[in-house]
$ cat protein_3.txt   # compact mmCIF, C-alpha atoms
# COMPACT_ATOMS: atom_id res chain seq x y z
CA MET J 1 28.58 9.26 -72.90
CA ILE J 2 25.42 10.47 -71.22
CA ARG J 3 25.38 11.77 -67.69
CA ALA J 4 22.16 11.62 -65.72
CA GLN J 5 21.24 13.09 -62.40
CA VAL J 6 18.27 11.95 -60.35
CA ILE J 7 17.13 14.08 -57.44
CA VAL J 8 14.83 12.14 -55.12
CA ARG J 9 12.88 14.21 -52.61
CA PRO J 10 10.39 13.31 -49.90
CA ARG J 11 6.85 14.26 -50.91
CA ALA J 12 5.53 17.42 -49.33
CA SER J 13 2.65 15.51 -47.73
CA ILE J 14 5.01 13.10 -45.96
CA PHE J 15 6.64 14.22 -42.72
CA ASP J 16 10.40 14.27 -43.23
CA PRO J 17 12.06 13.77 -39.83
CA GLN J 18 15.57 14.26 -41.28
CA GLY J 19 14.59 17.55 -42.88
CA ASP J 20 12.95 18.62 -39.63
CA ALA J 21 16.10 17.83 -37.64
CA VAL J 22 18.29 19.67 -40.17
CA CYS J 23 15.96 22.68 -40.09
CA ARG J 24 16.07 22.83 -36.31
CA ALA J 25 19.88 22.51 -36.33
CA ILE J 26 20.15 25.42 -38.77
CA GLN J 27 17.87 27.52 -36.58
CA HIS J 28 19.94 26.52 -33.54
CA LEU J 29 22.99 27.91 -35.35
CA GLY J 30 21.29 31.28 -35.50
CA VAL J 31 19.77 31.29 -38.97
CA SER J 32 16.15 31.60 -37.93
CA THR J 33 14.98 32.59 -41.41
CA VAL J 34 15.20 28.96 -42.53
CA LYS J 35 11.72 27.59 -41.95
CA GLN J 36 11.82 24.29 -43.79
CA ALA J 37 14.40 21.74 -44.92
CA HIS J 38 13.91 18.59 -46.93
CA VAL J 39 16.54 15.90 -47.17
CA GLY J 40 16.60 13.81 -50.33
CA LYS J 41 19.13 11.99 -52.45
CA CYS J 42 21.17 12.88 -55.50
CA ILE J 43 22.02 9.90 -57.69
CA GLU J 44 24.46 10.43 -60.57
CA LEU J 45 24.63 7.96 -63.42
CA GLU J 46 26.87 7.57 -66.43
CA LEU J 47 25.53 5.77 -69.49
CA GLU J 48 27.16 4.49 -72.61
CA GLY J 49 25.82 5.75 -75.91
CA ASN J 50 24.39 9.09 -76.90
CA ASP J 51 20.68 8.56 -77.56
CA LEU J 52 19.09 10.86 -75.01
CA ASN J 53 15.51 9.82 -75.75
CA LYS J 54 16.25 6.14 -75.31
CA ALA J 55 18.22 6.83 -72.14
CA ARG J 56 15.41 8.97 -70.73
CA ALA J 57 12.82 6.27 -71.39
CA GLN J 58 14.98 3.63 -69.68
CA LEU J 59 15.82 5.81 -66.72
CA GLU J 60 12.23 6.94 -66.13
CA THR J 61 11.38 3.28 -65.51
CA ILE J 62 14.37 2.84 -63.22
CA CYS J 63 13.45 6.00 -61.32
CA LYS J 64 9.92 4.75 -60.72
CA ASP J 65 10.82 1.15 -59.91
CA LEU J 66 14.05 1.44 -57.98
CA LEU J 67 15.47 4.88 -57.30
CA SER J 68 12.30 6.34 -55.79
CA ASN J 69 9.22 5.01 -54.06
CA PRO J 70 6.21 6.90 -55.43
CA VAL J 71 4.33 6.41 -52.16
CA ILE J 72 6.69 8.76 -50.34
CA GLU J 73 9.01 10.36 -52.88
CA ASP J 74 9.14 12.48 -56.03
CA TYR J 75 12.05 12.58 -58.43
CA VAL J 76 13.51 14.90 -61.04
CA LEU J 77 15.54 13.32 -63.82
CA THR J 78 17.95 15.43 -65.84
CA LEU J 79 20.14 14.21 -68.64
CA LYS J 80 23.25 15.68 -70.19
CA GLY J 81 25.00 14.34 -73.20
CA ALA J 82 25.57 14.65 -76.90
CA GLU J 83 23.04 13.64 -79.51
CA PRO J 84 24.76 11.94 -82.44
CA PRO J 85 25.53 14.74 -84.86
CA LYS J 86 23.68 14.48 -88.15
CA VAL J 87 26.44 13.94 -90.69
CA LYS J 88 26.75 12.17 -93.99
CA ALA J 89 27.85 8.57 -93.99
CA ALA J 90 31.13 9.46 -95.69
CA SER J 91 32.36 11.67 -92.88
CA LYS J 92 32.34 9.13 -90.03
CA PRO J 93 35.68 10.09 -88.47
CA ALA J 94 34.50 13.71 -88.18
CA ALA J 95 31.31 12.54 -86.47
CA LYS J 96 33.25 10.53 -83.91
CA LYS J 97 35.38 13.55 -83.17
CA ALA J 98 32.29 15.72 -82.66
CA VAL J 99 30.78 13.24 -80.21
CA LYS J 100 34.02 13.03 -78.26
CA LYS J 101 34.26 16.80 -78.06
CA ALA J 102 30.67 17.18 -76.90
CA ALA J 103 30.96 14.43 -74.31
CA SER J 104 34.05 15.92 -72.75
CA ARG J 105 32.35 19.16 -71.81
CA PRO J 106 32.33 19.95 -68.09
CA VAL J 107 29.03 18.95 -66.52
CA ALA J 108 28.01 20.09 -63.07
CA LYS J 109 28.39 23.86 -63.25
CA LYS J 110 25.24 24.73 -65.13
CA ALA J 111 21.83 23.33 -64.29
CA ALA J 112 20.58 21.19 -67.13
CA SER J 113 16.87 21.49 -66.64
CA LYS J 114 14.35 23.93 -65.31
CA PRO J 115 13.53 22.28 -61.95
CA VAL J 116 17.19 22.22 -60.90
CA LYS J 117 17.65 25.77 -62.14
CA LYS J 118 14.67 26.91 -60.10
CA THR J 119 16.06 25.36 -56.94
CA LYS J 120 19.37 27.12 -57.48
CA VAL J 121 17.67 30.47 -57.93
CA LYS J 122 15.69 29.94 -54.75
CA LYS J 123 18.84 29.10 -52.80
CA THR J 124 20.55 32.23 -54.05
CA VAL J 125 17.59 34.34 -53.05
CA ARG J 126 17.47 32.70 -49.65
CA ARG J 127 21.20 33.27 -49.11
CA ALA J 128 20.76 36.87 -50.07
CA ALA J 129 17.89 37.17 -47.61
CA VAL J 130 19.99 35.67 -44.83
CA LYS J 131 22.86 38.04 -45.59
CA LYS J 132 20.48 40.98 -45.53
CA LYS J 133 19.12 39.99 -42.13
CA LYS J 134 22.60 39.42 -40.75
CA GLY J 135 23.57 42.86 -41.98
CA LYS J 136 20.94 44.39 -39.72
CA MET A 1 4.41 -30.60 -40.21
CA MET A 2 4.87 -27.64 -42.51
CA ARG A 3 7.78 -27.00 -44.80
CA TRP A 4 9.21 -23.51 -44.33
CA ALA A 5 11.61 -21.44 -46.41
CA VAL A 6 13.69 -18.78 -44.70
CA ILE A 7 15.10 -16.40 -47.29
CA GLN A 8 18.67 -15.19 -46.78
CA PHE A 9 19.55 -11.87 -48.35
CA PRO A 10 23.01 -10.39 -48.06
CA GLY A 11 22.67 -8.50 -44.78
CA SER A 12 19.90 -10.64 -43.25
CA ASN A 13 20.72 -11.17 -39.57
CA CYS A 14 17.60 -12.73 -38.05
CA ASP A 15 17.49 -15.71 -40.40
CA GLN A 16 19.08 -18.05 -37.87
CA ASP A 17 16.72 -16.91 -35.12
CA VAL A 18 13.69 -17.74 -37.26
CA PHE A 19 15.25 -21.03 -38.34
CA HIS A 20 15.92 -21.96 -34.69
CA VAL A 21 12.36 -21.28 -33.57
CA LEU A 22 10.82 -23.20 -36.44
CA LYS A 23 13.26 -26.12 -36.33
CA ASN A 24 14.12 -26.53 -32.66
CA VAL A 25 11.14 -25.05 -30.83
CA LEU A 26 8.34 -26.08 -33.19
CA ALA A 27 9.92 -29.14 -34.84
CA GLN A 28 9.19 -27.96 -38.36
CA GLU A 29 10.98 -28.71 -41.59
CA VAL A 30 12.97 -25.62 -42.57
CA ASP A 31 15.27 -24.70 -45.44
CA TYR A 32 17.44 -21.68 -45.88
CA ILE A 33 16.92 -20.26 -49.35
CA TRP A 34 19.66 -18.00 -50.75
CA HIS A 35 18.29 -14.87 -52.40
CA LYS A 36 19.88 -15.82 -55.72
CA ASP A 37 17.90 -19.05 -55.89
CA SER A 38 14.73 -18.97 -57.90
CA SER A 39 12.81 -21.79 -56.20
CA LEU A 40 11.30 -22.11 -52.73
CA LYS A 41 11.83 -25.90 -52.93
CA GLY A 42 8.18 -26.69 -52.38
CA ALA A 43 7.82 -24.72 -49.14
CA ASP A 44 4.34 -24.23 -47.67
CA ALA A 45 5.36 -20.98 -45.97
CA VAL A 46 8.01 -18.35 -46.55
CA VAL A 47 9.73 -16.09 -44.04
CA LEU A 48 11.59 -12.94 -45.02
CA PRO A 49 13.69 -12.34 -41.92
CA GLY A 50 14.96 -9.16 -40.31
CA GLY A 51 18.30 -7.54 -40.98
CA PHE A 52 19.77 -4.97 -43.29
CA SER A 53 19.47 -6.46 -46.75
CA TYR A 54 21.89 -4.80 -49.15
CA GLY A 55 22.99 -2.54 -46.31
CA ASP A 56 19.64 -0.73 -46.46
CA TYR A 57 21.12 1.20 -49.40
CA LEU A 58 18.75 3.50 -51.32
CA ARG A 59 15.74 2.57 -49.15
CA CYS A 60 15.21 -0.39 -46.82
CA GLY A 61 14.20 -3.35 -48.97
CA ALA A 62 14.42 -1.42 -52.24
CA ILE A 63 17.18 -3.57 -53.72
CA ALA A 64 16.16 -6.86 -52.12
CA ARG A 65 12.79 -6.70 -53.86
CA PHE A 66 14.61 -7.33 -57.15
CA SER A 67 16.42 -10.44 -55.87
CA PRO A 68 16.02 -13.53 -58.07
CA ILE A 69 14.00 -15.31 -55.37
CA MET A 70 11.34 -12.61 -55.25
CA PRO A 71 9.28 -13.83 -58.25
CA ALA A 72 8.91 -17.17 -56.43
CA VAL A 73 7.85 -15.36 -53.25
CA LYS A 74 5.26 -13.39 -55.23
CA GLU A 75 4.04 -16.58 -56.85
CA ALA A 76 3.68 -18.24 -53.45
CA ALA A 77 1.76 -15.21 -52.18
CA GLY A 78 -0.51 -15.39 -55.21
CA GLN A 79 -1.18 -19.06 -54.50
CA GLY A 80 -2.37 -18.18 -51.00
CA LYS A 81 0.66 -19.62 -49.22
CA THR A 82 1.77 -18.03 -45.97
CA VAL A 83 4.35 -15.25 -46.41
CA LEU A 84 5.73 -13.64 -43.27
CA GLY A 85 7.99 -10.58 -43.34
CA ILE A 86 9.64 -9.57 -40.08
CA CYS A 87 11.19 -6.12 -39.73
CA ASN A 88 13.39 -5.82 -42.83
CA GLY A 89 11.20 -8.54 -44.32
CA PHE A 90 8.19 -6.25 -43.80
CA GLN A 91 10.06 -3.44 -45.55
CA ILE A 92 10.86 -5.75 -48.47
CA LEU A 93 7.23 -6.87 -48.78
CA CYS A 94 6.12 -3.23 -48.96
CA GLU A 95 8.76 -2.34 -51.54
CA ALA A 96 7.77 -5.41 -53.55
CA GLY A 97 4.14 -4.29 -53.58
CA LEU A 98 2.94 -7.39 -51.72
CA LEU A 99 1.79 -5.11 -48.91
CA PRO A 100 0.54 -1.53 -49.21
CA GLY A 101 2.41 1.49 -47.84
CA VAL A 102 6.04 1.92 -46.94
CA LEU A 103 8.28 2.16 -43.87
CA VAL A 104 10.31 5.31 -43.39
CA ARG A 105 12.73 6.75 -40.84
CA ASN A 106 11.51 6.77 -37.24
CA THR A 107 10.09 10.17 -36.34
CA SER A 108 12.55 10.41 -33.45
CA LEU A 109 15.43 9.57 -35.83
CA HIS A 110 16.57 7.10 -33.16
CA PHE A 111 17.21 3.43 -33.72
CA ARG A 112 14.82 1.83 -31.22
CA CYS A 113 16.01 -1.45 -29.72
CA GLU A 114 13.84 -2.52 -26.81
CA THR A 115 10.97 -4.75 -25.78
CA ILE A 116 7.64 -2.97 -26.02
CA PRO A 117 3.92 -3.71 -25.65
CA VAL A 118 2.11 -4.63 -28.85
CA ARG A 119 -1.68 -5.00 -28.98
CA VAL A 120 -3.40 -7.76 -30.93
CA GLU A 121 -6.21 -6.18 -32.94
CA HIS A 122 -8.15 -9.34 -33.65
CA PRO A 123 -7.64 -13.11 -33.70
CA SER A 124 -9.50 -13.77 -36.94
CA SER A 125 -6.42 -14.26 -39.10
CA ARG A 126 -4.06 -17.11 -39.77
CA PHE A 127 -1.34 -15.19 -37.89
CA THR A 128 -3.24 -14.32 -34.70
CA SER A 129 -5.74 -17.12 -34.08
CA GLU A 130 -3.88 -18.19 -30.93
CA TYR A 131 -4.22 -14.73 -29.39
CA LEU A 132 -7.17 -12.77 -27.98
CA THR A 133 -8.58 -9.45 -29.16
CA GLY A 134 -6.83 -6.65 -27.30
CA GLN A 135 -4.20 -8.98 -25.84
CA VAL A 136 -1.01 -7.08 -25.09
CA LEU A 137 2.19 -8.89 -26.04
CA GLN A 138 5.72 -8.03 -25.02
CA LEU A 139 7.77 -8.11 -28.22
CA PRO A 140 11.23 -6.81 -29.08
CA ILE A 141 11.73 -4.17 -31.76
CA ALA A 142 15.04 -3.17 -33.32
CA HIS A 143 14.72 -0.70 -36.17
CA GLY A 144 15.50 2.77 -37.40
CA GLU A 145 12.94 2.74 -40.22
CA GLY A 146 9.69 1.39 -38.82
CA HIS A 147 7.45 4.39 -39.29
CA TYR A 148 4.56 3.01 -41.35
CA VAL A 149 3.23 5.44 -43.96
CA ALA A 150 0.29 5.14 -46.35
CA ASP A 151 -2.34 7.53 -47.66
CA GLU A 152 -5.54 8.02 -45.70
CA ALA A 153 -7.66 5.90 -48.04
CA THR A 154 -5.24 2.99 -47.70
CA LEU A 155 -5.20 3.32 -43.91
CA ASP A 156 -8.99 3.35 -43.77
CA ALA A 157 -9.15 0.28 -46.00
CA LEU A 158 -6.58 -1.55 -43.84
CA PHE A 159 -8.75 -1.15 -40.75
CA LEU A 160 -12.01 -1.72 -42.60
CA HIS A 161 -10.82 -5.06 -43.94
CA LYS A 162 -9.21 -6.07 -40.65
CA GLN A 163 -5.75 -6.11 -42.18
CA VAL A 164 -4.15 -4.43 -39.17
CA LEU A 165 -3.20 -7.24 -36.81
CA PHE A 166 -0.78 -5.52 -34.42
CA THR A 167 -0.62 -1.96 -33.11
CA TYR A 168 1.78 -0.27 -30.70
CA SER A 169 0.17 0.38 -27.33
CA ASP A 170 1.04 0.87 -23.69
CA SER A 171 1.04 -2.09 -21.31
CA GLN A 172 -2.68 -1.52 -20.70
CA GLY A 173 -3.47 -1.77 -24.41
CA ARG A 174 -4.06 1.97 -24.86
CA THR A 175 -2.66 3.68 -27.93
CA THR A 176 -1.08 6.86 -26.64
CA PRO A 177 1.49 9.09 -28.39
CA GLY A 178 4.10 7.83 -25.93
CA SER A 179 3.43 4.22 -26.86
CA ASN A 180 4.30 4.73 -30.51
CA PRO A 181 8.02 3.97 -30.87
CA ASN A 182 8.51 5.18 -34.42
CA GLY A 183 5.66 7.52 -35.39
CA SER A 184 3.76 4.88 -37.38
CA GLN A 185 0.46 6.18 -38.71
CA ARG A 186 -2.41 4.97 -36.55
CA HIS A 187 0.12 3.04 -34.42
CA ILE A 188 0.40 0.31 -37.04
CA ALA A 189 2.91 -2.40 -36.15
CA GLY A 190 1.84 -5.15 -38.55
CA ILE A 191 -0.52 -5.59 -41.51
CA THR A 192 -1.67 -8.28 -43.89
CA ASN A 193 -2.61 -8.07 -47.53
CA ARG A 194 -6.30 -8.09 -48.42
CA ALA A 195 -6.28 -11.88 -48.91
CA GLY A 196 -4.83 -12.31 -45.43
CA ASN A 197 -1.95 -14.65 -46.33
CA VAL A 198 0.91 -12.12 -46.43
CA PHE A 199 1.85 -10.55 -43.13
CA GLY A 200 4.50 -7.96 -42.36
CA LEU A 201 5.38 -6.65 -38.92
CA MET A 202 8.17 -4.63 -37.36
CA PRO A 203 8.37 -6.43 -33.97
CA HIS A 204 10.41 -9.64 -33.76
CA PRO A 205 8.24 -12.59 -32.64
CA GLU A 206 11.17 -14.97 -33.22
CA ARG A 207 13.15 -13.21 -30.50
CA ALA A 208 10.34 -13.78 -28.02
CA SER A 209 9.49 -17.42 -28.57
CA GLU A 210 11.16 -19.05 -25.58
CA LYS A 211 10.77 -18.25 -21.90
CA ILE A 212 14.53 -18.31 -21.42
CA LEU A 213 14.69 -15.23 -23.66
CA GLY A 214 12.37 -13.28 -21.37
CA SER A 215 9.15 -13.63 -23.33
CA SER A 216 7.44 -16.31 -25.34
CA ASP A 217 4.66 -13.99 -26.47
CA GLY A 218 5.82 -14.19 -30.09
CA LEU A 219 5.46 -17.94 -30.33
CA GLY A 220 1.71 -17.63 -30.75
CA LEU A 221 2.23 -16.08 -34.16
CA PHE A 222 3.98 -19.20 -35.42
CA THR A 223 1.59 -21.59 -33.67
CA SER A 224 -1.33 -19.64 -35.17
CA ILE A 225 0.08 -20.29 -38.64
CA LEU A 226 0.47 -24.00 -37.86
CA ALA A 227 -3.06 -24.17 -36.43
CA SER A 228 -4.46 -22.50 -39.54
CA GLN A 229 -2.93 -25.28 -41.63
CA GLY A 230 -4.19 -27.98 -39.26
CA VAL A 231 -0.66 -28.89 -38.18
CA PRO A 232 -0.52 -30.49 -34.71
CA LEU A 233 1.96 -28.95 -32.29
CA ALA A 234 4.45 -31.70 -31.60
CA GLN A 235 7.01 -29.95 -29.45
CA ALA A 236 5.76 -26.46 -28.84
CA ALA A 237 7.65 -24.80 -25.98
$ encode --input "protein_3.txt" --output "structure tokens"
Amino acid sequence: MIRAQVIVRPRASIFDPQGDAVCRAIQHLGVSTVKQAHVGKCIELELEGNDLNKARAQLETICKDLLSNPVIEDYVLTLKGAEPPKVKAASKPAAKKAVKKAASRPVAKKAASKPVKKTKVKKTVRRAAVKKKKGK
Amino acid sequence: MMRWAVIQFPGSNCDQDVFHVLKNVLAQEVDYIWHKDSSLKGADAVVLPGGFSYGDYLRCGAIARFSPIMPAVKEAAGQGKTVLGICNGFQILCEAGLLPGVLVRNTSLHFRCETIPVRVEHPSSRFTSEYLTGQVLQLPIAHGEGHYVADEATLDALFLHKQVLFTYSDSQGRTTPGSNPNGSQRHIAGITNRAGNVFGLMPHPERASEKILGSSDGLGLFTSILASQGVPLAQAA
């Protein structure tokens, strides 16, 4: 099993009225340190199989053709799953077990790729900044 | 007489309005074509009507563009046949790449449902030949995602090649910030492809094609298409 996450975001050059409304609402609630908000989509997919490279190639096409519109949006695709373990032909049952074990790992907690990780770090920093200001 | 195909997607809701105008007001031959069909049954012109195809999920028109009928629509467009996309149909044509740009959420975030002035940019197209340059029409709009977006080069090219047929204006034909209902770049309300046979617009001409409905200003769009094909108007209202 492969799990994929696609984050679709409005391009920076395109005015995002939803993000603007959300930003103003946040400011209205007293958090004036928030200067920008962008509203996108998070699409989660589950795929059969365990070939990450093949899955990535297929999903890149889907991201470009369907899940995002390159005129107005950017996307970040992250994949999580287990590569088939390299084992000898004789030990097939063991291989199956390894795949099962790998696939059953919990997913969402840790960011799988750099872009998502970066966003999380930024959020943490921003939260910290808000707390600091509130403390004053 | 022309043979028309009105495409029905799941969620289309202006298909019957278009059918009525073509069949009962203009005495044309019209077929409904289900989106899962793959043939336009020999139609001379295709209409992608307004509505909320596939519930507007993902983006307006994003899923409809992959409907089985769409290859036939693209083929018809390639052959120079008339393809008209109204409201959601315009969004589908953009997603399908038959028209440049894309339609996004109205700047105001409001769903705008009202009759507004729309200015005709020029009559030298198969969709506007029955109008005059600068003529102001009263046409209904009903959309939440009608904000036309394209890059600057595309916008310049659209005006340079006279592909912009309708713009939002005030009742005097002036384009002011207040006369733009959705934030569309350069007040664009309707554009054609470079070849001039595919037209998409956000206003609903089919809802303004009979005087009893308050305005028949939209009828000229359909009669222009008929005139461009040399079709005599048998029973035009």
$ interface_residues --input "protein_3.txt" --of "chain A" --to "chain J" --cutoff "9 Å" --atoms "only C-alpha atoms" --output "VMD selection string"
chain A and resid 58 to 59 62 to 63 66 95 101 to 102 104 to 109 149 to 151
$ residues_around --input "protein_3.txt" --residues "Thr128 (chain A)" --least-positions-apart "5" --cutoff "6 Å" --atoms "all atoms listed in the file" --output "number ranges by chain"
A: 123, 221, 224
$ closest_residue --input "protein_3.txt" --among "A:Phe90, A:Val231, A:Phe166, A:Ser38" --to "Val73 (chain A)" --atoms "all atoms listed in the file"
A:Ser38
$ atom_distance --input "protein_3.txt" --atom1 "CA of Ile116 (chain A)" --atom2 "CA of Leu158 (chain A)"
22.8 Å
$ atom_distance --input "protein_3.txt" --atom1 "CA of Lys23 (chain A)" --atom2 "CA of Trp4 (chain A)"
9.3 Å
$ residues_around --input "protein_3.txt" --residues "Met2 (chain A)" --least-positions-apart "3" --cutoff "7 Å" --atoms "only C-alpha atoms" --output "PyMOL selection string"
chain A and resi 28-29+44
$ atom_distance --input "protein_3.txt" --atom1 "CA of Ala189 (chain A)" --atom2 "CA of Ile225 (chain A)"
18.3 Å
$ closest_residue --input "protein_3.txt" --among "J:Gly81, J:Gly30, J:Lys64, J:Glu73" --to "Leu52 (chain J)" --atoms "only C-alpha atoms"
J:Gly81
$ residues_around --input "protein_3.txt" --residues "Leu48 (chain A)" --least-positions-apart "4" --cutoff "7 Å" --atoms "only C-alpha atoms" --output "list in words"
Val6, Ile7, Leu84, Gly85, Ile86 and Gly89 of chain A
$ closest_residue --input "protein_3.txt" --among "A:Leu132, A:Leu139, A:Ile69, A:Leu219" --to "Leu201 (chain A)" --atoms "all atoms listed in the file"
A:Leu139
$ closest_residue --input "protein_3.txt" --among "J:Ala55, J:Met1, J:Ile26, J:Ala37" --to "Thr78 (chain J)" --atoms "only C-alpha atoms"
J:Ala55
$ closest_residue --input "protein_3.txt" --among "A:Phe199, A:Pro117, A:Lys74, A:Cys60" --to "Gly178 (chain A)" --atoms "all atoms listed in the file"
A:Pro117
$ residues_around --input "protein_3.txt" --residues "Ala77 (chain A)" --least-positions-apart "3" --cutoff "12 Å" --atoms "all atoms listed in the file" --output "PyMOL selection string"
chain A and resi 40+43-47+70-74+80-85+93+96-99+192-199
$ write_last_selection --input "protein_3.txt" --atoms "C-alpha atoms" --output "compact mmCIF listing (two decimals), in the coordinates of the input"
# COMPACT_ATOMS: atom_id res chain seq x y z
CA LEU A 40 11.30 -22.11 -52.73
CA ALA A 43 7.82 -24.72 -49.14
CA ASP A 44 4.34 -24.23 -47.67
CA ALA A 45 5.36 -20.98 -45.97
CA VAL A 46 8.01 -18.35 -46.55
CA VAL A 47 9.73 -16.09 -44.04
CA MET A 70 11.34 -12.61 -55.25
CA PRO A 71 9.28 -13.83 -58.25
CA ALA A 72 8.91 -17.17 -56.43
CA VAL A 73 7.85 -15.36 -53.25
CA LYS A 74 5.26 -13.39 -55.23
CA GLY A 80 -2.37 -18.18 -51.00
CA LYS A 81 0.66 -19.62 -49.22
CA THR A 82 1.77 -18.03 -45.97
CA VAL A 83 4.35 -15.25 -46.41
CA LEU A 84 5.73 -13.64 -43.27
CA GLY A 85 7.99 -10.58 -43.34
CA LEU A 93 7.23 -6.87 -48.78
CA ALA A 96 7.77 -5.41 -53.55
CA GLY A 97 4.14 -4.29 -53.58
CA LEU A 98 2.94 -7.39 -51.72
CA LEU A 99 1.79 -5.11 -48.91
CA THR A 192 -1.67 -8.28 -43.89
CA ASN A 193 -2.61 -8.07 -47.53
CA ARG A 194 -6.30 -8.09 -48.42
CA ALA A 195 -6.28 -11.88 -48.91
CA GLY A 196 -4.83 -12.31 -45.43
CA ASN A 197 -1.95 -14.65 -46.33
CA VAL A 198 0.91 -12.12 -46.43
CA PHE A 199 1.85 -10.55 -43.13
$ residues_around --input "protein_3.txt" --residues "Pro203 (chain A)" --least-positions-apart "2" --cutoff "10 Å" --atoms "all atoms listed in the file" --output "MDAnalysis selection string"
chainID A and resid 50 86:87 90 114:118 138:143 146 166 168 189:190 200:201 205:208 218
